[in-house]
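Everything on this sheet refers to the single structure shown next.
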Amino acid sequence: MPRKGGPPQKISLPHVKKVLAVASGKGGVGKSTVAVNLAFSLSLNAENAPHPRPRVGLLDLDIFGPSVPKLMALETAEEPELTEAGAIRPLIGHGLPCMSMGFLLPQAPGTNSSADTAVVWRGLMVQKAVQQLLFDVDWRDSAGTGLDVLVIDMPPGTGDVPLTLGQLVNVDGAVIVSTPQDVALTDVRKGISMFQKVSVPIAGLMLNQSHFICPSCSSPHELFGSPASFRATAARFGVDMLGELPLVPAVSTASDRGVPYVLSGRGSEGTGHNGGKQWMDTMAVAASQVWQFLSK
């Protein structure tokens, strides 16, 4: 039955100036890794930001499979504290405020983390959890300063969570992540259609694992197919291409350690060969383009 009075009115998140959703039509394409690294890139590459030191936050909205605790080395962190008003204080990872359903789940028996704790909920409980993560987190720092942008790591697909976000919150842009395979690009097109239906502008598409740069010959090898279909999809929908990230083993290694590659790669690991420098440069350019999009 249609809701009386029409759809709910979209509102802005408290203490957040801009909201950027990072989504994918299909799971397993590296969306969470891209979201985490993009958040840090937005903080580090402030050329088109509103000021030289923007405050960036990270929100994990994947209720059933939260990845941010692992990617930010916060799997064994204490449960978040509450403010005097009862709002949730985000945890800090590598200097970045972040929040995830994984921080609120009980520890699995015999472990010191909630990584193995399954969420077995129906739709209404999921919706209530999403609303709590969206509206009951106080993103201000000790000086009372809010966020310039909140990066939201979305669950894959076009289900309840993306729909809830798109209908309730003023989302300023969405980045959609894919790999080159046609089976992934099919769901990218569905994702673009969903965001268009809920009036969320698309900041751009990001191609992950676009190619592998051989360490011996320095030639790019398209292991998962040509990026031509990805580029055609962007052109068909009139959406910008933010970049094509190469397949870099050090990205996975850093992520497993809970260190975003844009931070670990600034040292000695993987920046000079095997696509590491290209990966970081591509992410920096994407961050600059996103800031430019959000400033419109």
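Naming works like this for the structure tokens: A, B, ... for the chains as they're shown, residue 1 at the start of each chain, ligands 1 onward in shown order.
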- Message: Just list as a VMD selection string whatever in stretch 91-277 of chain A DSSP marks as strand (DSSP E or B).
- Response: chain A and resid 91 to 93 96 to 100 137 147 149 to 153 169 173 to 178 202 to 207 212 to 213 220 to 221 241 to 244
Atoms kept (N, CA, C and O atoms) for selection, written as a compact mmCIF listing (two decimals), in the first residue's frame:
# COMPACT_ATOMS: atom_id res chain seq x y z
N LEU A 91 34.57 5.02 16.86
CA LEU A 91 35.94 4.63 17.18
C LEU A 91 36.90 5.33 16.23
O LEU A 91 36.51 5.79 15.15
N ILE A 92 38.14 5.41 16.62
CA ILE A 92 39.17 6.06 15.81
C ILE A 92 40.16 5.01 15.33
O ILE A 92 40.75 4.28 16.13
N GLY A 93 40.33 4.94 14.01
CA GLY A 93 41.30 4.03 13.42
C GLY A 93 42.24 4.79 12.52
O GLY A 93 41.79 5.43 11.56
N LEU A 96 41.18 8.27 11.83
CA LEU A 96 39.92 8.51 11.13
C LEU A 96 38.75 7.98 11.97
O LEU A 96 38.77 6.82 12.39
N PRO A 97 37.72 8.79 12.24
CA PRO A 97 36.55 8.29 12.98
C PRO A 97 35.75 7.32 12.12
O PRO A 97 35.49 7.59 10.95
N CYS A 98 35.37 6.19 12.70
CA CYS A 98 34.62 5.20 11.93
C CYS A 98 33.63 4.47 12.82
O CYS A 98 33.80 4.37 14.03
N MET A 99 32.58 3.96 12.19
CA MET A 99 31.52 3.27 12.90
C MET A 99 31.07 2.09 12.07
O MET A 99 31.01 2.15 10.83
N SER A 100 30.72 0.98 12.76
CA SER A 100 30.31 -0.24 12.07
C SER A 100 29.42 -1.05 12.99
O SER A 100 29.54 -1.00 14.22
N VAL A 137 24.81 8.52 15.75
CA VAL A 137 26.26 8.60 15.92
C VAL A 137 26.65 10.08 15.95
O VAL A 137 26.25 10.86 15.10
N LEU A 147 31.93 16.56 10.51
CA LEU A 147 32.63 16.02 9.35
C LEU A 147 32.38 16.87 8.10
O LEU A 147 31.27 17.37 7.89
N VAL A 149 32.91 15.31 5.17
CA VAL A 149 32.29 14.26 4.35
C VAL A 149 32.29 12.95 5.12
O VAL A 149 33.25 12.63 5.83
N LEU A 150 31.20 12.21 5.01
CA LEU A 150 31.09 10.87 5.57
C LEU A 150 31.04 9.88 4.42
O LEU A 150 30.14 9.94 3.58
N VAL A 151 32.01 8.97 4.38
CA VAL A 151 32.04 7.92 3.37
C VAL A 151 31.29 6.70 3.94
O VAL A 151 31.63 6.21 5.02
N ILE A 152 30.28 6.24 3.22
CA ILE A 152 29.47 5.12 3.68
C ILE A 152 29.77 3.90 2.82
O ILE A 152 29.56 3.91 1.61
N ASP A 153 30.26 2.86 3.49
CA ASP A 153 30.50 1.58 2.82
C ASP A 153 29.18 0.81 2.81
O ASP A 153 28.73 0.31 3.83
N VAL A 169 17.96 9.88 3.67
CA VAL A 169 19.12 10.75 3.87
C VAL A 169 19.43 11.53 2.59
O VAL A 169 19.33 10.99 1.48
N GLY A 173 26.38 12.08 -3.19
CA GLY A 173 27.00 11.39 -4.32
C GLY A 173 27.22 9.93 -4.02
O GLY A 173 27.24 9.51 -2.86
N ALA A 174 27.36 9.14 -5.07
CA ALA A 174 27.62 7.71 -4.93
C ALA A 174 28.74 7.30 -5.87
O ALA A 174 28.80 7.76 -7.02
N VAL A 175 29.64 6.47 -5.37
CA VAL A 175 30.68 5.86 -6.18
C VAL A 175 30.36 4.38 -6.29
O VAL A 175 30.12 3.71 -5.29
N ILE A 176 30.32 3.86 -7.51
CA ILE A 176 29.99 2.45 -7.73
C ILE A 176 31.24 1.72 -8.20
O ILE A 176 31.89 2.13 -9.15
N VAL A 177 31.56 0.63 -7.49
CA VAL A 177 32.79 -0.13 -7.74
C VAL A 177 32.44 -1.42 -8.47
O VAL A 177 31.45 -2.07 -8.18
N SER A 178 33.29 -1.77 -9.43
CA SER A 178 33.08 -3.01 -10.18
C SER A 178 34.42 -3.61 -10.56
O SER A 178 35.47 -2.97 -10.45
N ILE A 202 25.30 10.21 -9.12
CA ILE A 202 26.43 9.30 -9.24
C ILE A 202 27.70 10.13 -9.45
O ILE A 202 27.84 10.83 -10.45
N ALA A 203 28.62 10.04 -8.48
CA ALA A 203 29.88 10.78 -8.61
C ALA A 203 30.79 10.14 -9.65
O ALA A 203 31.59 10.82 -10.28
N GLY A 204 30.68 8.82 -9.81
CA GLY A 204 31.51 8.15 -10.80
C GLY A 204 31.61 6.66 -10.55
O GLY A 204 31.16 6.14 -9.53
N LEU A 205 32.22 5.97 -11.52
CA LEU A 205 32.45 4.53 -11.43
C LEU A 205 33.94 4.28 -11.22
O LEU A 205 34.79 5.00 -11.75
N MET A 206 34.25 3.27 -10.43
CA MET A 206 35.63 2.88 -10.17
C MET A 206 35.82 1.42 -10.56
O MET A 206 35.08 0.55 -10.09
N LEU A 207 36.77 1.17 -11.44
CA LEU A 207 37.06 -0.20 -11.87
C LEU A 207 38.19 -0.76 -11.01
O LEU A 207 39.30 -0.20 -11.00
N PHE A 212 46.85 -6.40 -14.25
CA PHE A 212 47.99 -6.75 -13.42
C PHE A 212 49.26 -6.38 -14.17
O PHE A 212 49.41 -6.70 -15.35
N ILE A 213 50.15 -5.66 -13.49
CA ILE A 213 51.40 -5.25 -14.12
C ILE A 213 52.48 -6.27 -13.77
O ILE A 213 52.84 -6.45 -12.61
N PRO A 220 51.03 -4.43 -18.69
CA PRO A 220 49.73 -4.69 -18.06
C PRO A 220 49.06 -5.91 -18.69
O PRO A 220 49.04 -6.07 -19.91
N HIS A 221 48.51 -6.77 -17.85
CA HIS A 221 47.80 -7.96 -18.30
C HIS A 221 46.38 -7.91 -17.75
O HIS A 221 46.18 -7.82 -16.54
N MET A 241 34.18 8.25 -15.15
CA MET A 241 35.06 7.17 -14.71
C MET A 241 36.10 7.77 -13.77
O MET A 241 36.87 8.65 -14.16
N LEU A 242 36.10 7.33 -12.53
CA LEU A 242 37.03 7.88 -11.55
C LEU A 242 38.42 7.26 -11.66
O LEU A 242 39.40 7.86 -11.22
N GLY A 243 38.51 6.06 -12.23
CA GLY A 243 39.81 5.45 -12.37
C GLY A 243 39.73 3.95 -12.56
O GLY A 243 38.68 3.33 -12.34
N GLU A 244 40.86 3.37 -12.95
CA GLU A 244 40.98 1.93 -13.13
C GLU A 244 42.15 1.45 -12.27
O GLU A 244 43.31 1.70 -12.58
- Query: Hey, what does DSSP flag as helix (DSSP H, G or I) within stretch 125-277 of chain A? Can you give it to me as an NGL selection string?
  - Reply: :A and (125-135 or 160-168 or 182-197 or 228-237 or 249-256 or 261-264 or 276-277)
- Message: Which residue is closest to A:Leu20? Choose from A:Val34, A:Leu294, A:Met125, A:Ala73 and count only C-alpha atoms.
- Response: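 Among A:Val34, A:Leu294, A:Met125, A:Ala73, it is A:Leu294 that comes nearest to A:Leu20.
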- Message: For a quick check of understanding, using only C-alpha atoms, which of A:Leu38, A:Val171, A:Ala108, A:Cys217 has the smallest distance to A:Lys18?
- Response: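 Smallest separation from A:Lys18 among the options: A:Val171.
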- By how many Å are atom CA of A:Ala87 and atom CA of A:Ser12 apart? 16.3 Å
- Near stretch 154-164 of chain A, within 6 Å and counting only C-alpha atoms, which residues show up once chain neighbours fewer than 6 positions away are dropped, as a list in words? Val22, Ala23, Ser24, Gly25, Lys26, Gly27, Leu61 and Asp62 of chain A
Could you turn the residues from that selection into a file that holds all heavy atoms, as a compact mmCIF listing (two decimals), in the first residue's frame?
# COMPACT_ATOMS: atom_id res chain seq x y z
N VAL A 22 29.59 4.51 -1.12
CA VAL A 22 30.41 3.67 -1.98
C VAL A 22 29.69 2.33 -2.08
O VAL A 22 29.50 1.64 -1.08
CB VAL A 22 31.83 3.48 -1.43
CG1 VAL A 22 32.65 2.56 -2.34
CG2 VAL A 22 32.52 4.83 -1.29
N ALA A 23 29.27 1.97 -3.29
CA ALA A 23 28.39 0.82 -3.48
C ALA A 23 28.92 -0.09 -4.58
O ALA A 23 29.85 0.25 -5.32
CB ALA A 23 26.98 1.31 -3.84
N SER A 24 28.31 -1.27 -4.65
CA SER A 24 28.60 -2.20 -5.74
C SER A 24 27.35 -3.03 -5.97
O SER A 24 26.61 -3.33 -5.03
CB SER A 24 29.79 -3.11 -5.41
OG SER A 24 29.47 -3.98 -4.34
N GLY A 25 27.12 -3.41 -7.20
CA GLY A 25 25.97 -4.26 -7.47
C GLY A 25 26.19 -5.68 -6.98
O GLY A 25 25.26 -6.36 -6.60
N LYS A 26 27.45 -6.11 -6.97
CA LYS A 26 27.78 -7.49 -6.61
C LYS A 26 28.86 -7.50 -5.54
O LYS A 26 29.74 -6.63 -5.52
CB LYS A 26 28.25 -8.25 -7.86
CG LYS A 26 28.50 -9.74 -7.62
CD LYS A 26 28.74 -10.45 -8.93
CE LYS A 26 27.48 -10.51 -9.77
NZ LYS A 26 26.39 -11.28 -9.13
N GLY A 27 28.80 -8.48 -4.65
CA GLY A 27 29.82 -8.61 -3.62
C GLY A 27 31.11 -9.18 -4.17
O GLY A 27 31.14 -9.79 -5.25
N LEU A 61 27.82 0.34 6.60
CA LEU A 61 26.38 0.04 6.67
C LEU A 61 26.07 -1.40 6.26
O LEU A 61 24.90 -1.73 6.07
CB LEU A 61 25.58 1.00 5.78
CG LEU A 61 25.03 2.27 6.43
CD1 LEU A 61 24.02 2.95 5.52
CD2 LEU A 61 24.41 2.00 7.80
N ASP A 62 27.08 -2.23 6.14
CA ASP A 62 26.83 -3.64 5.83
C ASP A 62 26.52 -4.35 7.15
O ASP A 62 27.42 -4.69 7.93
CB ASP A 62 28.06 -4.27 5.16
CG ASP A 62 27.73 -5.61 4.51
OD1 ASP A 62 26.76 -6.26 4.96
OD2 ASP A 62 28.44 -6.00 3.57
- Task: For A:Pro69, list every protein, DNA or RNA residue within 12 Å, evaluated using only C-alpha atoms, and leave out those in the same chain fewer than 2 positions away; present the list as a PyMOL selection string.
- Result: chain A and resi 32-33+36+58-62+65-67+71-79+90-93+97-105+113-116+153+255-260
- Message: With only C-alpha atoms as the counted atoms, please give the residues lying no more than 8 Å from A:Leu13, apart from itself and same-chain residues fewer than 2 positions off, as number ranges by chain.
- Response: A: 11, 15-17, 134-135, 169-170
